[in-house]
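S.K.: This one is my_file.cif, mmCIF, N, CA and C atoms.
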data_coords
loop_
_atom_site.label_atom_id
_atom_site.label_comp_id
_atom_site.auth_asym_id
_atom_site.auth_seq_id
_atom_site.Cartn_x
_atom_site.Cartn_y
_atom_site.Cartn_z
N VAL A 1 0.83 -1.19 0.00
CA VAL A 1 0.00 0.00 0.00
C VAL A 1 0.88 1.25 0.00
N ALA A 2 1.94 1.24 0.77
CA ALA A 2 2.84 2.41 0.82
C ALA A 2 3.49 2.66 -0.53
N ILE A 3 3.87 1.59 -1.23
CA ILE A 3 4.51 1.75 -2.54
C ILE A 3 3.52 2.36 -3.53
N ILE A 4 2.28 1.92 -3.50
CA ILE A 4 1.26 2.48 -4.39
C ILE A 4 1.03 3.95 -4.08
N GLY A 5 1.01 4.29 -2.81
CA GLY A 5 0.86 5.68 -2.40
C GLY A 5 2.00 6.55 -2.90
N ILE A 6 3.23 6.06 -2.82
CA ILE A 6 4.39 6.81 -3.31
C ILE A 6 4.32 6.98 -4.82
N LEU A 7 3.98 5.92 -5.54
CA LEU A 7 3.85 6.01 -6.99
C LEU A 7 2.77 7.00 -7.40
N ALA A 8 1.66 6.99 -6.70
CA ALA A 8 0.57 7.92 -7.00
C ALA A 8 0.99 9.36 -6.72
N ALA A 9 1.77 9.56 -5.66
CA ALA A 9 2.22 10.92 -5.31
C ALA A 9 3.13 11.49 -6.38
N VAL A 10 3.84 10.64 -7.10
CA VAL A 10 4.72 11.10 -8.18
C VAL A 10 3.94 11.19 -9.50
N ALA A 11 3.10 10.21 -9.77
CA ALA A 11 2.43 10.13 -11.06
C ALA A 11 1.32 11.17 -11.24
N ILE A 12 0.56 11.47 -10.22
CA ILE A 12 -0.57 12.39 -10.36
C ILE A 12 -0.11 13.80 -10.74
N PRO A 13 0.86 14.42 -10.07
CA PRO A 13 1.31 15.75 -10.50
C PRO A 13 1.90 15.75 -11.91
N ALA A 14 2.63 14.70 -12.26
CA ALA A 14 3.20 14.61 -13.61
C ALA A 14 2.08 14.53 -14.65
N TYR A 15 1.05 13.79 -14.36
CA TYR A 15 -0.09 13.67 -15.28
C TYR A 15 -0.83 15.00 -15.40
N GLN A 16 -0.99 15.72 -14.30
CA GLN A 16 -1.66 17.01 -14.33
C GLN A 16 -0.87 18.01 -15.18
N ASP A 17 0.46 17.99 -15.08
CA ASP A 17 1.30 18.85 -15.92
C ASP A 17 1.14 18.48 -17.39
N TYR A 18 1.09 17.19 -17.68
CA TYR A 18 0.90 16.71 -19.04
C TYR A 18 -0.43 17.22 -19.60
N ILE A 19 -1.48 17.15 -18.82
CA ILE A 19 -2.81 17.62 -19.26
C ILE A 19 -2.76 19.11 -19.55
N ALA A 20 -2.13 19.90 -18.69
CA ALA A 20 -2.04 21.35 -18.91
C ALA A 20 -1.27 21.65 -20.20
N ARG A 21 -0.16 20.94 -20.44
CA ARG A 21 0.62 21.17 -21.66
C ARG A 21 -0.21 20.81 -22.90
N ALA A 22 -0.99 19.75 -22.83
CA ALA A 22 -1.84 19.36 -23.95
C ALA A 22 -2.92 20.42 -24.21
N GLN A 23 -3.46 21.00 -23.15
CA GLN A 23 -4.47 22.03 -23.30
C GLN A 23 -3.87 23.31 -23.88
N VAL A 24 -2.66 23.66 -23.49
CA VAL A 24 -1.97 24.82 -24.05
C VAL A 24 -1.72 24.60 -25.54
N SER A 25 -1.40 23.38 -25.92
CA SER A 25 -1.13 23.10 -27.33
C SER A 25 -2.36 23.36 -28.21
N GLU A 26 -3.56 23.21 -27.65
CA GLU A 26 -4.76 23.55 -28.42
C GLU A 26 -4.77 25.03 -28.76
N GLY A 27 -4.43 25.87 -27.80
CA GLY A 27 -4.39 27.31 -28.05
C GLY A 27 -3.35 27.69 -29.10
N ILE A 28 -2.18 27.06 -29.01
CA ILE A 28 -1.13 27.35 -29.99
C ILE A 28 -1.55 26.88 -31.37
N SER A 29 -2.17 25.72 -31.45
CA SER A 29 -2.64 25.21 -32.75
C SER A 29 -3.67 26.13 -33.37
N LEU A 30 -4.61 26.61 -32.56
CA LEU A 30 -5.62 27.54 -33.09
C LEU A 30 -4.96 28.82 -33.61
N ALA A 31 -4.05 29.39 -32.83
CA ALA A 31 -3.39 30.63 -33.25
C ALA A 31 -2.49 30.39 -34.46
N ASN A 32 -1.81 29.24 -34.52
CA ASN A 32 -0.96 28.93 -35.67
C ASN A 32 -1.74 28.93 -36.97
N GLY A 33 -2.98 28.53 -36.92
CA GLY A 33 -3.82 28.50 -38.12
C GLY A 33 -4.08 29.86 -38.71
N TYR A 34 -3.85 30.92 -37.96
CA TYR A 34 -4.11 32.28 -38.43
C TYR A 34 -2.85 33.07 -38.75
N LYS A 35 -1.68 32.47 -38.57
CA LYS A 35 -0.44 33.18 -38.87
C LYS A 35 -0.36 33.58 -40.34
N GLY A 36 -0.68 32.67 -41.23
CA GLY A 36 -0.63 32.96 -42.66
C GLY A 36 -1.58 34.06 -43.07
N PRO A 37 -2.88 33.95 -42.73
CA PRO A 37 -3.81 35.02 -43.08
C PRO A 37 -3.44 36.38 -42.47
N ILE A 38 -2.91 36.39 -41.25
CA ILE A 38 -2.49 37.66 -40.64
C ILE A 38 -1.34 38.26 -41.42
N ALA A 39 -0.33 37.45 -41.75
CA ALA A 39 0.82 37.94 -42.51
C ALA A 39 0.40 38.40 -43.90
N ASP A 40 -0.50 37.67 -44.56
CA ASP A 40 -0.99 38.07 -45.88
C ASP A 40 -1.71 39.41 -45.82
N TYR A 41 -2.60 39.55 -44.85
CA TYR A 41 -3.35 40.79 -44.69
C TYR A 41 -2.40 41.96 -44.44
N TYR A 42 -1.43 41.74 -43.56
CA TYR A 42 -0.46 42.79 -43.27
C TYR A 42 0.35 43.14 -44.52
N GLY A 43 0.75 42.13 -45.28
CA GLY A 43 1.52 42.37 -46.50
C GLY A 43 0.75 43.17 -47.53
N GLN A 44 -0.55 42.96 -47.59
CA GLN A 44 -1.38 43.66 -48.57
C GLN A 44 -1.80 45.05 -48.13
N THR A 45 -2.02 45.24 -46.84
CA THR A 45 -2.58 46.50 -46.36
C THR A 45 -1.63 47.32 -45.50
N GLY A 46 -0.62 46.68 -44.92
CA GLY A 46 0.27 47.39 -44.00
C GLY A 46 -0.34 47.58 -42.62
N ALA A 47 -1.49 46.93 -42.38
CA ALA A 47 -2.16 47.03 -41.08
C ALA A 47 -2.40 45.63 -40.53
N CYS A 48 -2.50 45.55 -39.22
CA CYS A 48 -2.78 44.27 -38.58
C CYS A 48 -4.29 44.03 -38.57
N PRO A 49 -4.71 42.84 -38.97
CA PRO A 49 -6.15 42.59 -39.06
C PRO A 49 -6.77 42.20 -37.73
N SER A 50 -8.04 42.55 -37.59
CA SER A 50 -8.85 41.98 -36.51
C SER A 50 -9.44 40.68 -37.06
N LEU A 51 -10.06 39.90 -36.23
CA LEU A 51 -10.70 38.68 -36.73
C LEU A 51 -11.76 39.01 -37.77
N SER A 52 -12.52 40.09 -37.55
CA SER A 52 -13.56 40.45 -38.52
C SER A 52 -12.95 40.86 -39.86
N ASP A 53 -11.76 41.46 -39.85
CA ASP A 53 -11.07 41.78 -41.11
C ASP A 53 -10.74 40.52 -41.89
N LEU A 54 -10.53 39.42 -41.18
CA LEU A 54 -10.23 38.13 -41.81
C LEU A 54 -11.50 37.35 -42.14
N GLY A 55 -12.66 37.94 -41.84
CA GLY A 55 -13.93 37.28 -42.12
C GLY A 55 -14.31 36.23 -41.09
N ILE A 56 -13.80 36.36 -39.87
CA ILE A 56 -14.03 35.37 -38.81
C ILE A 56 -14.83 36.03 -37.70
N THR A 57 -15.87 35.35 -37.24
CA THR A 57 -16.70 35.92 -36.18
C THR A 57 -16.23 35.56 -34.79
N GLY A 58 -15.52 34.46 -34.64
CA GLY A 58 -15.03 34.07 -33.33
C GLY A 58 -14.22 32.79 -33.40
N VAL A 59 -13.34 32.62 -32.45
CA VAL A 59 -12.50 31.43 -32.37
C VAL A 59 -12.57 30.92 -30.94
N ASP A 60 -12.93 29.66 -30.79
CA ASP A 60 -12.89 29.04 -29.47
C ASP A 60 -12.62 27.56 -29.65
N GLY A 61 -12.40 26.88 -28.56
CA GLY A 61 -12.09 25.46 -28.61
C GLY A 61 -12.54 24.79 -27.33
N SER A 62 -12.08 23.59 -27.13
CA SER A 62 -12.43 22.86 -25.92
C SER A 62 -11.88 23.54 -24.68
N TYR A 63 -10.69 24.15 -24.79
CA TYR A 63 -10.04 24.79 -23.65
C TYR A 63 -9.82 26.28 -23.87
N VAL A 64 -9.99 26.72 -25.10
CA VAL A 64 -9.77 28.12 -25.46
C VAL A 64 -11.09 28.87 -25.41
N ALA A 65 -11.10 29.99 -24.67
CA ALA A 65 -12.29 30.81 -24.56
C ALA A 65 -12.44 31.73 -25.77
N GLY A 66 -11.32 32.17 -26.32
CA GLY A 66 -11.39 33.07 -27.46
C GLY A 66 -10.02 33.50 -27.93
N MET A 67 -10.02 34.19 -29.06
CA MET A 67 -8.78 34.70 -29.62
C MET A 67 -9.03 36.09 -30.18
N VAL A 68 -8.02 36.94 -30.08
CA VAL A 68 -8.08 38.29 -30.61
C VAL A 68 -6.84 38.49 -31.47
N THR A 69 -7.03 39.11 -32.63
CA THR A 69 -5.89 39.46 -33.47
C THR A 69 -5.84 40.97 -33.61
N GLY A 70 -4.66 41.47 -33.92
CA GLY A 70 -4.50 42.91 -34.10
C GLY A 70 -3.05 43.31 -33.92
N ALA A 71 -2.84 44.59 -33.71
CA ALA A 71 -1.48 45.11 -33.51
C ALA A 71 -0.91 44.56 -32.20
N ASP A 72 0.38 44.31 -32.19
CA ASP A 72 1.04 43.80 -30.99
C ASP A 72 1.18 44.92 -29.97
N ALA A 73 0.50 44.78 -28.86
CA ALA A 73 0.51 45.79 -27.80
C ALA A 73 1.80 45.78 -26.99
N SER A 74 2.55 44.66 -27.05
CA SER A 74 3.77 44.57 -26.23
C SER A 74 4.92 45.40 -26.80
N GLY A 75 4.82 45.75 -28.08
CA GLY A 75 5.89 46.54 -28.70
C GLY A 75 7.04 45.70 -29.22
N THR A 76 6.98 44.38 -29.10
CA THR A 76 8.07 43.53 -29.59
C THR A 76 7.92 43.20 -31.07
N GLY A 77 6.71 43.21 -31.56
CA GLY A 77 6.49 42.82 -32.94
C GLY A 77 5.50 43.73 -33.62
N ILE A 78 4.89 43.21 -34.67
CA ILE A 78 3.97 44.01 -35.48
C ILE A 78 2.53 43.64 -35.15
N CYS A 79 2.16 42.40 -35.47
CA CYS A 79 0.80 41.92 -35.25
C CYS A 79 0.83 40.74 -34.28
N SER A 80 -0.32 40.44 -33.70
CA SER A 80 -0.36 39.30 -32.78
C SER A 80 -1.68 38.57 -32.85
N ALA A 81 -1.64 37.34 -32.40
CA ALA A 81 -2.83 36.52 -32.18
C ALA A 81 -2.78 36.11 -30.72
N ALA A 82 -3.71 36.64 -29.93
CA ALA A 82 -3.72 36.38 -28.48
C ALA A 82 -4.84 35.41 -28.15
N VAL A 83 -4.49 34.34 -27.46
CA VAL A 83 -5.43 33.29 -27.08
C VAL A 83 -5.69 33.38 -25.58
N SER A 84 -6.97 33.30 -25.20
CA SER A 84 -7.37 33.26 -23.79
C SER A 84 -7.95 31.90 -23.48
N PHE A 85 -7.52 31.32 -22.37
CA PHE A 85 -8.03 30.01 -21.97
C PHE A 85 -9.25 30.17 -21.07
N LYS A 86 -10.11 29.17 -21.09
CA LYS A 86 -11.32 29.21 -20.28
C LYS A 86 -10.96 29.24 -18.80
N ALA A 87 -11.86 29.77 -17.99
CA ALA A 87 -11.62 29.86 -16.55
C ALA A 87 -11.98 28.57 -15.83
N THR A 88 -12.85 27.78 -16.41
CA THR A 88 -13.25 26.50 -15.81
C THR A 88 -13.13 25.40 -16.84
N GLY A 89 -12.94 24.19 -16.37
CA GLY A 89 -12.85 23.04 -17.26
C GLY A 89 -11.48 22.85 -17.88
N VAL A 90 -10.49 23.59 -17.38
CA VAL A 90 -9.11 23.44 -17.85
C VAL A 90 -8.20 23.25 -16.64
N ALA A 91 -6.97 22.88 -16.89
CA ALA A 91 -6.01 22.71 -15.80
C ALA A 91 -5.85 24.02 -15.03
N GLY A 92 -5.68 23.91 -13.73
CA GLY A 92 -5.58 25.10 -12.88
C GLY A 92 -4.46 26.05 -13.26
N GLY A 93 -3.35 25.54 -13.78
CA GLY A 93 -2.22 26.39 -14.13
C GLY A 93 -2.43 27.27 -15.34
N ILE A 94 -3.48 26.99 -16.13
CA ILE A 94 -3.73 27.80 -17.32
C ILE A 94 -5.11 28.45 -17.31
N ALA A 95 -5.93 28.15 -16.33
CA ALA A 95 -7.30 28.66 -16.27
C ALA A 95 -7.32 30.18 -16.28
N GLY A 96 -8.01 30.74 -17.27
CA GLY A 96 -8.16 32.19 -17.37
C GLY A 96 -6.91 32.93 -17.81
N LYS A 97 -5.90 32.21 -18.27
CA LYS A 97 -4.63 32.84 -18.65
C LYS A 97 -4.52 32.98 -20.16
N ASN A 98 -3.46 33.64 -20.61
CA ASN A 98 -3.32 34.01 -22.01
C ASN A 98 -1.95 33.64 -22.56
N LEU A 99 -1.90 33.49 -23.90
CA LEU A 99 -0.63 33.41 -24.60
C LEU A 99 -0.78 34.15 -25.92
N GLN A 100 0.35 34.58 -26.47
CA GLN A 100 0.35 35.34 -27.70
C GLN A 100 1.35 34.80 -28.69
N LEU A 101 0.95 34.77 -29.95
CA LEU A 101 1.90 34.57 -31.04
C LEU A 101 2.10 35.95 -31.65
N ILE A 102 3.35 36.37 -31.75
CA ILE A 102 3.66 37.72 -32.22
C ILE A 102 4.45 37.64 -33.52
N MET A 103 3.94 38.34 -34.55
CA MET A 103 4.64 38.43 -35.83
C MET A 103 5.73 39.49 -35.69
N LEU A 104 6.96 39.06 -35.92
CA LEU A 104 8.09 39.96 -35.76
C LEU A 104 8.38 40.69 -37.07
N GLY A 105 8.96 41.86 -36.94
CA GLY A 105 9.34 42.64 -38.11
C GLY A 105 10.80 42.49 -38.43
N SER A 106 11.27 43.26 -39.37
CA SER A 106 12.65 43.14 -39.85
C SER A 106 13.67 43.46 -38.76
N THR A 107 13.39 44.41 -37.88
CA THR A 107 14.36 44.74 -36.84
C THR A 107 14.38 43.70 -35.74
N ALA A 108 13.23 43.09 -35.46
CA ALA A 108 13.16 42.12 -34.37
C ALA A 108 13.59 40.72 -34.80
N ALA A 109 13.40 40.37 -36.07
CA ALA A 109 13.66 39.00 -36.48
C ALA A 109 14.82 38.86 -37.46
N GLY A 110 15.42 39.97 -37.88
CA GLY A 110 16.51 39.88 -38.82
C GLY A 110 16.04 39.61 -40.24
N GLY A 111 14.79 39.87 -40.52
CA GLY A 111 14.25 39.68 -41.86
C GLY A 111 12.97 40.46 -41.99
N SER A 112 12.26 40.26 -43.06
CA SER A 112 11.01 41.00 -43.25
C SER A 112 9.88 40.29 -42.51
N ALA A 113 8.82 41.04 -42.26
CA ALA A 113 7.67 40.46 -41.58
C ALA A 113 7.07 39.38 -42.45
N GLY A 114 6.62 38.33 -41.84
CA GLY A 114 6.02 37.26 -42.62
C GLY A 114 5.62 36.09 -41.76
N ALA A 115 5.09 35.09 -42.43
CA ALA A 115 4.53 33.94 -41.72
C ALA A 115 5.57 33.15 -40.95
N SER A 116 6.86 33.25 -41.32
CA SER A 116 7.87 32.43 -40.64
C SER A 116 8.54 33.14 -39.47
N ASN A 117 8.30 34.41 -39.31
CA ASN A 117 8.95 35.18 -38.24
C ASN A 117 7.96 35.47 -37.10
N TRP A 118 7.76 34.48 -36.26
CA TRP A 118 6.82 34.59 -35.15
C TRP A 118 7.48 34.12 -33.87
N LYS A 119 7.03 34.68 -32.76
CA LYS A 119 7.46 34.15 -31.47
C LYS A 119 6.24 33.99 -30.58
N CYS A 120 6.37 33.13 -29.60
CA CYS A 120 5.29 32.83 -28.68
C CYS A 120 5.70 33.30 -27.29
N ILE A 121 4.81 34.04 -26.64
CA ILE A 121 5.07 34.48 -25.27
C ILE A 121 3.81 34.28 -24.43
N SER A 122 4.00 34.22 -23.14
CA SER A 122 2.88 34.20 -22.22
C SER A 122 3.28 34.93 -20.95
N PRO A 123 2.54 35.97 -20.62
CA PRO A 123 2.87 36.72 -19.41
C PRO A 123 2.47 36.03 -18.11
N ASP A 124 1.55 35.06 -18.20
CA ASP A 124 1.03 34.50 -16.96
C ASP A 124 0.95 32.98 -16.88
N ILE A 125 1.29 32.26 -17.93
CA ILE A 125 1.29 30.79 -17.87
C ILE A 125 2.69 30.34 -17.44
N PRO A 126 2.79 29.49 -16.42
CA PRO A 126 4.11 29.01 -15.99
C PRO A 126 4.85 28.31 -17.14
N GLN A 127 6.15 28.50 -17.20
CA GLN A 127 6.97 27.95 -18.28
C GLN A 127 6.84 26.43 -18.42
N LYS A 128 6.59 25.74 -17.33
CA LYS A 128 6.51 24.28 -17.40
C LYS A 128 5.33 23.80 -18.23
N TYR A 129 4.34 24.65 -18.47
CA TYR A 129 3.19 24.29 -19.29
C TYR A 129 3.34 24.71 -20.75
N LEU A 130 4.33 25.53 -21.04
CA LEU A 130 4.54 26.05 -22.38
C LEU A 130 5.50 25.19 -23.18
N PRO A 131 5.30 25.08 -24.50
CA PRO A 131 6.28 24.36 -25.30
C PRO A 131 7.58 25.15 -25.38
N LYS A 132 8.64 24.52 -25.84
CA LYS A 132 9.94 25.16 -25.89
C LYS A 132 9.95 26.41 -26.76
N MET A 133 9.06 26.49 -27.77
CA MET A 133 9.03 27.66 -28.63
C MET A 133 8.48 28.90 -27.92
N CYS A 134 7.83 28.70 -26.78
CA CYS A 134 7.24 29.82 -26.04
C CYS A 134 8.11 30.20 -24.84
N THR A 135 8.01 31.45 -24.46
CA THR A 135 8.72 31.90 -23.26
C THR A 135 7.73 32.59 -22.33
N GLY A 136 7.93 32.42 -21.06
CA GLY A 136 7.19 33.20 -20.08
C GLY A 136 7.85 34.55 -19.98
N ILE A 137 7.17 35.52 -19.46
CA ILE A 137 7.76 36.86 -19.33
C ILE A 137 7.96 37.17 -17.87
#
Just dump the structure as structure tokens.
M.R.:
Amino acid sequence: VAIIGILAAVAIPAYQDYIARAQVSEGISLANGYKGPIADYYGQTGACPSLSDLGITGVDGSYVAGMVTGADASGTGICSAAVSFKATGVAGGIAGKNLQLIMLGSTAAGGSAGASNWKCISPDIPQKYLPKMCTGI
């Protein structure tokens, strides 16, 4: 019984971290789907699109509450796709938190703005739940 208790004490937190990382990956996947259209819109107009500019009324998922696109408010890049996670029904470490994919410009990425020059940041999700391509702030 003691051995089972010790194994459970190690396995349960590891499994909960795995679940949170899987839920974060849904948000990244949703935002990744809009990198091309955002870069195309920016290339054609010189402005960052909102979802309505892209002809989209809303984006949500099993764990994602919504997404907003537009100019990057952090000042690191040009345009961004910001994903918000639901407050309930998700892992506690990501509930109600956000992550952003930011389209970088020529000064930030060493090249011109485009679909391949993006970075992922999250101001409030712990790094252990983020993939290696993302950084906490």
S.K.: Expanded to explicit residues, what is the PyMOL selection byres ((chain A and resi 94) around 8) for this file, as a ChimeraX atom specification?
M.R.: /A:20,23-24,84-88,90-93,95-98,124-126,129
S.K.: Any idea what the distance is between atom N of Gln100 (chain A) and CA of Cys120 (chain A)?
M.R.: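 Separation between atom N of Gln100 (chain A) and CA of Cys120 (chain A): 5.7 Å.
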S.K.: Taking only C-alpha atoms into account, which of A:Ser25, A:Asn32, A:Ser52, A:Gln44 comes nearest Lys119 (chain A)?
M.R.: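 So, comparing all the options, the nearest one is A:Asn32.
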S.K.: May I have the residues within 7 Å of region 67-71 of chain A as JSON, numbers by chain, using all atoms listed in the file and disregarding those fewer than 2 positions away in the same chain?
M.R.: {"A": [47, 48, 49, 50, 51, 58, 59, 60, 64, 65, 73, 74, 77, 78, 79, 80, 81, 82, 83, 84]}
S.K.: Evaluate the PyMOL selection byres (((chain A and resi 34-39 and name CA) around 7) and name CA) on the structure here and hand back the selected residues as a PyMOL selection string.
M.R.: chain A and resi 31-33+40-43+48-49+114-115
